[in-house]
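Each remark here refers to the structure printed beneath this line.
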Amino acid sequence: MPQIGIFIDALQGSIPASFREKISDYVKKLPGIAFCIEEENLASSEALNRMGKRLEAGGLDGVVIMGGSPKLYEASFQKLRHPLPFNPYLFAVANIREQALWMMVEEEAALERAKTIISKTIRAVSNSKPIETQSLPLKPEVLILGGGVTGISIAQELAKSGLHIFLLEKGNHLGGKALELHKFYNRPLEVQKWMDEKISEVKNNPQITLFTHTELKRLDGHLGRFQAKIQGPDRTETVLSVSAIVVATGYAAKRETKGIYSHKRVTVFPEMEKLLSETKGPSLLWDGKKVEMVTYFLDGVNEDIKVDSINAVKQALLLQEAFQCQVAILCKDMKVAADGMERLYRKAREKGVLFFKYEEPPKLSIVNGQIQVDVRDTAAIQKKEQWPVSILSDLVVVGEAFVPAPETESLSGLLKIHLGNRGFLMEDNPQLLRVRSNRRGIFVAGACRFPQEVSESLIEARAAAQEVMALLSKGTYIYDLAVAEVDPKKCAVCYTCPRLCPHSAITVEKYGERNVYIISGTSQETKWGAAKVDPASCYGCGICVAECPAKAITLRHLTDEQIYAQMGLME
Amino acid sequence: MIKAEQKPIDEILKYLNPYNKILLSGCGACVTVCHAGGEKEVELLASGLRMARQKIGKKIEVLEVTPARQCEPEFALELSETIEKVEAVLSISCGVGVQTLVRHFPKIPIFPGVNTSFLGETITHGVWEERCQACGNCILEKTGGICPISRCAKQLLNGPCGGSSKGKCEIKKEADCAWQLIYDRLKTLNQLYKLEEIIPAKRWGVESRDSGLRRIVREDLKV
Amino acid sequence: MSSFDPKIIAFCCDQSGYPAADMAGTLKLKLPRNIEIVRVPCAGRIETIYLLKALEKGADGVLVFACYEENCQFLRGNLRAKARLAYAHRMLEGIGLEKERVEICHLATNSGVKFVETLRRKSEQLKKMGPNPAKES
Ligand SMILES: Cc1cc2nc3c(=O)[nH]c(=O)nc-3n(C[C@H](O)[C@H](O)[C@H](O)COP(=O)(O)OP(=O)(O)OC[C@H]3O[C@@H](n4cnc5c(N)ncnc54)[C@H](O)[C@@H]3O)c2cc1C
Ligand code: SF4
Ligand code: SF4
Ligand code: SF4
Ligand code: SF4
């Protein structure tokens with residue numbers, strides 16, 4: 001008969017003494033109870049210390065805390081990181097406060113309910129086994145995919161903290177889309193100069209190994225032991241072994257070319273940036289003619305016009321101030337949510353940039369080699385005052401569609417990370433874990449997640465670098481083996497679990513190098529064609545366990561028996 | 001591999017009606033992979049059967065077992081002792097497994113619990129499609145690796161028929177026309193010339209089941 | 001029939017259902033008497049067989065408390081739970097049991113009120129339906 005020790009939480013004002021007394025009378029009569037004592041505020045570090053002293057004596061198979069919600073105690077165990085002389089998985093909490101005392105109308109019923117909860121909890125803990133902690137060595141090596149401003153910035157940050165970085169760029173130079181920019185909207189720097197400095201810093205940093213013209217071909221392994229096969233120029237292949245991976249592969253821009261969009265007086269933001277950076281003189285020339293009237297049309301291609309709004313206002317100010325152009329910006333709704341944009345927008349208005357807000361999309365037509373833009377301005381409150389406006393423009397600037405980079409989908413397949421709804425890479429949890437992917441050890445940052453401008457990318461880069469450092473700084477990843485485990489002898493290799501694991505923690509590598517099992521009862525190693533959970537990558541959700549048609553998977557810390565015990569179904 | 005689908009439980013209940021103690025046997029191979037008859041399905045069906053019979057006041061005892069493969073005599077014979085204890089067996093392996101039990105346990109009623117549907121492949125998780133009808137003389141070499149016997153509604157050997165439309169089959173509008181697939185594939189492989197060769201009628205009566213039970217005998221393997 | 005107190009097994013996902021149950025307690029909301037709460041890390045851990053075994057071994061109804069769709073900590077745990085419920089419903093229909101005996105309720109950590117109301121409603125519904133005729137006697 002397993003011996004169980006019981007602590008009743010005597011926190012002031014929590015469970016009344018009379019109730020505790022009845023509980024303790026009941027418990028003491030149960031078989032296999034080693035002791036049943038009260039402790040003041042069990043979630044405090046002092047109480048944990050006293051509890052630890054009690055447990056040092058040994059001889060127990062499990063411990064039950066009777067008190068409030070298990071979340072309370074679990075949080076304090078975590079927070080205090082208390083090294084109790086007892087395996088934490090042999091603890092169970094009987095939640096007799098929230099789920100009995102406070103939930104029942106009469107005390108009688110509450111007591112009955114508490115008793116049931118207690119006996120279920122004792123049964124569950126009697127069926128528990130200690131769960132070991134393991135540590136996985138993590139080499140200070142990181143692979144970054146994508147040499148745009150995000151990838152570069154992450155590499156710089158990580159190199160500072162002593163990690164070695166492999167920076168992979170599929171093109172022949174670093175810089176990405178930021179190279180198309182001339183000025184920042186919110187900083188007085190020349191983008192090119194700033195980028196050049198960053199790029200040369202990266203190139204000369206001994207902590208950073210740079211691969212250009214190189215692509216990821218295959219990825220095996222998991223956190224701490226990723227094996228990335230990369231292919232460089234001349235199809236040379238190299239295998240890098242890294243602890244973590246950051247994906248910063250950016251976005252692609254697609255230019256609309258149908259109809260009037262192909263007219264030579266319709267252009268896009270990057271070309272305008274280029275023109276602005278190359279023109280030195282007092283006036284701007286386009287197709288050999290002086291440009292006086294420029295119209296920006298924002299909602300034509302992108303639904304989310306955050307980035308286009310920033311660019312339009314930024315360029316409009318330059319055009320008005322440096323080149324004496326008249327600028328009109330047409331949009332459904334101006335988006336000024338970005339940092340400092342409100343101010344910039346006000347400045348643009350003051351400088352005479354015209355803003356037209358419309359409901360019906362403007363009509364573009366060609367008049368005498370210029371583009372005439374017809375729009376009904378809805379800024380007036382009265383409908384009848386909403387005058388139609390015609391703007392004869394030398395140049396119309398439209399956005400390009402932000403779309404996922406062409407390899408995004410295949411990359412998500414290679415890396416086994418999730419795509420979001422519009423085909424961009426998806427974070428694990430938009431609120432909490434912005435730059436973590438669904439796989440432990442793989443991070444996603446920058447415009448591969450959603451269209452963004454450089455300041456946002458820099459924030460993402462910093463966040464990703466911090467996450468990577470938090471993961472790798474200790475040199476080991478310590479985790480409990482509270483994970484799913486496949487019995488290779490029962491596995492029918494149906495591929496259900498690798499398909500369904502949300503964290504891509506399961507692989508089947510039939511006849512591969514990695515699925516080496518020890519034949520039970522011997523020390524003989526065998527390569528087994530069976531699914532295998534990587535314990536350091538498993539989050540313990542139990543989805544695979546429930547789906548396996550062969551019942552080959554066990555969740556080590558929450559077995560069928562423990563669930564049936566909670567259901568009150570164990571004899 | 002073999003794909004199967006669970007039979008409606010009311011049908012199973014009907015033929016189990018006279019029995020009060022049965023063995024429910026799954027199979028650890030094909031039917032596990034297609035989620036029709038593995039250990040998990042055994043557990044679920046057993047629970048359903050017990051509840052159904054409890055409900056009408058006629059309890060049934062269900063022993064549960066899932067041999068690795070029901071269609072091998074050794075695995076089947078492992079069930080001997082258990083089968084002696086029951087009045088009937090419900091097998092949710094494919095029809096082959098059912099008959100393996102029938103051959104080895106001639107005195108006890110043995111019922112199928114699944115419909116063995118076809119030889120197919122997994123399209124995506126939870127979706128399977130027929131790919132082969134075990135015709136006995138494979139012609140995939142001539143058809144770009146796409147089987148018209150299993151995938152063309154009319155089993156045409158020299159298709160397509162006049163009904164093929166926009167790549168879809170006229171009989172099952174949601175299915176791809178097999179002959180369109182064959183054409184596309186041969187085109188990709190630069191082997192359209194293969195279509196010029198007329199595939200002769202299959203000798204159904206010799207190679208296929210029309211002339212009765214088929215059997216493979218490998219003299220070199222026999223012991 | 002008035003003495004019939006339906007037994008409900010309530011599976012609670014640790015990301016939403018369980019904290020909601022705690023919240024209900026903290027708000028001192030009163031629960032029907034005969035309820036077993038089962039704590040699971042994610043609704044995705046709840047196997048179809050648990051839903052059936054619950055009924056087979058004595059419950060009159062089963063409730064699964066899971067996160068709102070698209071809000072699962074583990075991406076698709078709640079969707080898998082929902083799909084398993086659909087399987088269980090098919091089975092119950094096949095054996096002539098009311099499929100309302102097994103239900104899923106999506107909620108958030110702070111849905112203490114919804115938690116209790118759902119259980120109360122289920123308890124009332126089961127009272128009308130009567131005891132589960134398929135449970136082991
Ligand atoms: C869904 C469908 C749609 C089609 N549409 C068209 C179309 O639009 N145009 C077209 O030209 N063709 C079409 N065909 C093909 C056409 O139907 C066949 O080519 C034609 O029916 C073949 O005729 P048959 O007499 O050779 O064989 P079947 O029609 O198959 O007849 C064979 C008969 O023999 C019987 N039989 C089998 N074995 C034995 C035995 N041992 N002893 C005694 N009897 C036996 C069978 O029961 C059957 O009645 C279609 C076929 C299908 C399946
Ligand atoms: S689901 Fe089960 S049988 Fe299928 S691969 Fe995973 S462990 Fe093996
Ligand atoms: S428990 Fe969850 S995270 Fe772990 S292997 Fe299974 S499905 Fe993946
Ligand atoms: S031709 Fe015959 S053997 Fe080949 S795949 Fe088709 S049915 Fe199977
Ligand atoms: S449409 Fe195609 S698949 Fe359908 S019967 Fe005709 S040839 Fe066969």
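By order in the structure tokens, chains are A, B, ...; within a chain, residues start at 1; ligands start at 1, following the order shown.
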
Fill in: Surrounding residues as a PyMOL selection string, ligand 3, max 7 Å, only C-alpha atoms and all ligand atoms
chain A and resi 483-484+497+500-506+533+538-545+555

File of the preceding selection, C-alpha atoms, as a tab-separated table (two decimals), in the first residue's frame:
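So the final result, stored in again17.tsv, reads:
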```tsv
chain	number	residue	atom	x	y	z
A	483	VAL	CA	6.18	14.56	-22.19
A	484	ALA	CA	4.65	12.11	-24.62
A	497	CYS	CA	1.11	11.76	-34.61
A	500	LEU	CA	-1.03	16.24	-35.71
A	501	CYS	CA	1.60	17.37	-33.23
A	502	PRO	CA	1.18	21.16	-33.12
A	503	HIS	CA	4.80	21.58	-32.16
A	504	SER	CA	6.32	19.25	-34.76
A	505	ALA	CA	7.98	17.37	-31.92
A	506	ILE	CA	7.48	13.94	-33.48
A	533	VAL	CA	8.90	12.16	-29.68
A	538	CYS	CA	7.28	18.32	-26.69
A	539	TYR	CA	4.90	20.67	-24.87
A	540	GLY	CA	2.95	17.88	-23.22
A	541	CYS	CA	-0.44	18.75	-24.69
A	542	GLY	CA	-1.47	15.14	-25.21
A	543	ILE	CA	-2.99	15.54	-28.67
A	544	CYS	CA	-0.86	12.75	-30.14
A	545	VAL	CA	-1.74	10.44	-27.27
A	555	LEU	CA	1.73	11.08	-21.66
```

Chain B contacts to chain A at 9 Å (only C-alpha atoms) as a PyMOL selection string: chain B and resi 28-30+32-41+66+68+125

Save out the residues we just selected, N, CA, C and O atoms, as a PDB file, in the first residue's frame.
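What follows is the written file out.pdb:
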```pdb
ATOM      1  N   GLY B  28      -3.409  -4.902 -35.918  1.00  0.00           N
ATOM      2  CA  GLY B  28      -2.415  -3.844 -35.753  1.00  0.00           C
ATOM      3  C   GLY B  28      -1.825  -3.330 -37.052  1.00  0.00           C
ATOM      4  O   GLY B  28      -0.939  -2.480 -37.032  1.00  0.00           O
ATOM      5  N   ALA B  29      -2.306  -3.819 -38.186  1.00  0.00           N
ATOM      6  CA  ALA B  29      -1.677  -3.394 -39.441  1.00  0.00           C
ATOM      7  C   ALA B  29      -2.555  -2.378 -40.188  1.00  0.00           C
ATOM      8  O   ALA B  29      -2.863  -1.337 -39.645  1.00  0.00           O
ATOM      9  N   CYS B  30      -2.954  -2.721 -41.431  1.00  0.00           N
ATOM     10  CA  CYS B  30      -3.649  -1.738 -42.284  1.00  0.00           C
ATOM     11  C   CYS B  30      -4.803  -1.010 -41.595  1.00  0.00           C
ATOM     12  O   CYS B  30      -4.924   0.203 -41.698  1.00  0.00           O
ATOM     13  N   THR B  32      -5.330  -0.406 -38.578  1.00  0.00           N
ATOM     14  CA  THR B  32      -4.890   0.547 -37.556  1.00  0.00           C
ATOM     15  C   THR B  32      -4.532   1.859 -38.245  1.00  0.00           C
ATOM     16  O   THR B  32      -4.939   2.941 -37.833  1.00  0.00           O
ATOM     17  N   VAL B  33      -3.780   1.718 -39.334  1.00  0.00           N
ATOM     18  CA  VAL B  33      -3.304   2.903 -40.050  1.00  0.00           C
ATOM     19  C   VAL B  33      -4.471   3.737 -40.589  1.00  0.00           C
ATOM     20  O   VAL B  33      -4.411   4.956 -40.605  1.00  0.00           O
ATOM     21  N   CYS B  34      -5.567   3.076 -41.005  1.00  0.00           N
ATOM     22  CA  CYS B  34      -6.697   3.874 -41.506  1.00  0.00           C
ATOM     23  C   CYS B  34      -7.763   4.083 -40.433  1.00  0.00           C
ATOM     24  O   CYS B  34      -8.915   4.395 -40.740  1.00  0.00           O
ATOM     25  N   HIS B  35      -7.367   3.955 -39.178  1.00  0.00           N
ATOM     26  CA  HIS B  35      -8.243   4.287 -38.052  1.00  0.00           C
ATOM     27  C   HIS B  35      -9.594   3.570 -38.106  1.00  0.00           C
ATOM     28  O   HIS B  35     -10.626   4.157 -37.806  1.00  0.00           O
ATOM     29  N   ALA B  36      -9.582   2.314 -38.558  1.00  0.00           N
ATOM     30  CA  ALA B  36     -10.853   1.588 -38.610  1.00  0.00           C
ATOM     31  C   ALA B  36     -10.870   0.428 -37.626  1.00  0.00           C
ATOM     32  O   ALA B  36     -11.920   0.081 -37.089  1.00  0.00           O
ATOM     33  N   GLY B  37      -9.707  -0.170 -37.365  1.00  0.00           N
ATOM     34  CA  GLY B  37      -9.751  -1.382 -36.552  1.00  0.00           C
ATOM     35  C   GLY B  37      -8.537  -1.617 -35.681  1.00  0.00           C
ATOM     36  O   GLY B  37      -8.189  -2.755 -35.384  1.00  0.00           O
ATOM     37  N   GLY B  38      -7.874  -0.540 -35.248  1.00  0.00           N
ATOM     38  CA  GLY B  38      -6.744  -0.708 -34.340  1.00  0.00           C
ATOM     39  C   GLY B  38      -7.201  -0.783 -32.891  1.00  0.00           C
ATOM     40  O   GLY B  38      -8.395  -0.845 -32.604  1.00  0.00           O
ATOM     41  N   GLU B  39      -6.220  -0.746 -32.012  1.00  0.00           N
ATOM     42  CA  GLU B  39      -6.528  -0.895 -30.587  1.00  0.00           C
ATOM     43  C   GLU B  39      -7.489   0.195 -30.095  1.00  0.00           C
ATOM     44  O   GLU B  39      -8.371  -0.050 -29.293  1.00  0.00           O
ATOM     45  N   LYS B  40      -7.303   1.418 -30.598  1.00  0.00           N
ATOM     46  CA  LYS B  40      -8.177   2.511 -30.172  1.00  0.00           C
ATOM     47  C   LYS B  40      -9.622   2.230 -30.583  1.00  0.00           C
ATOM     48  O   LYS B  40     -10.546   2.382 -29.803  1.00  0.00           O
ATOM     49  N   GLU B  41      -9.785   1.759 -31.830  1.00  0.00           N
ATOM     50  CA  GLU B  41     -11.142   1.506 -32.325  1.00  0.00           C
ATOM     51  C   GLU B  41     -11.779   0.317 -31.601  1.00  0.00           C
ATOM     52  O   GLU B  41     -12.991   0.293 -31.379  1.00  0.00           O
ATOM     53  N   THR B  66      -5.970  -7.000 -29.754  1.00  0.00           N
ATOM     54  CA  THR B  66      -5.522  -6.485 -31.056  1.00  0.00           C
ATOM     55  C   THR B  66      -4.200  -7.144 -31.453  1.00  0.00           C
ATOM     56  O   THR B  66      -3.131  -6.666 -31.094  1.00  0.00           O
ATOM     57  N   ALA B  68      -1.042  -8.212 -33.783  1.00  0.00           N
ATOM     58  CA  ALA B  68      -0.269  -7.372 -34.689  1.00  0.00           C
ATOM     59  C   ALA B  68      -0.795  -7.472 -36.115  1.00  0.00           C
ATOM     60  O   ALA B  68      -0.857  -6.487 -36.830  1.00  0.00           O
ATOM     61  N   HIS B 125      -4.511  13.592 -44.162  1.00  0.00           N
ATOM     62  CA  HIS B 125      -4.913  12.868 -42.970  1.00  0.00           C
ATOM     63  C   HIS B 125      -6.435  12.730 -42.919  1.00  0.00           C
ATOM     64  O   HIS B 125      -7.159  13.707 -43.005  1.00  0.00           O
TER      65      HIS B 125
END
```

Which of these, C:Arg90, C:Arg120, C:Lys99, C:Arg33, has the shortest distance to chain B once you count only C-alpha atoms?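 The closest residue to chain B is C:Arg90.
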
Nearest to chain A, restricted to only C-alpha atoms and choosing among C:Ser3, C:Ala20, C:Gln15, C:Ile46, comes out as C:Ile46

Q: Would you kindly report the residues of chain B within 10 Å of chain C, using only C-alpha atoms, as a list of chain:residue names?
A: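 Filtering chain B at 10 Å from chain C with only C-alpha atoms gives B:Pro8, B:Ile9, B:Asp10, B:Glu11, B:Leu13, B:Lys40, B:Glu41, B:Glu43, B:Leu44, B:Leu45, B:Ala46, B:Ser47, B:Gly48, B:Leu49, B:Arg50, B:Met51, B:Ala52, B:Arg53, B:Gln54, B:Lys55, B:Ile56, B:Gly57, B:Lys59.
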
- request: DSSP on the backbone, then: every residue of segment 3-133 of chain C marked strand (DSSP E or B), written as a PyMOL selection string.
  value: chain C and resi 8-13+35-40+61-67+102-107
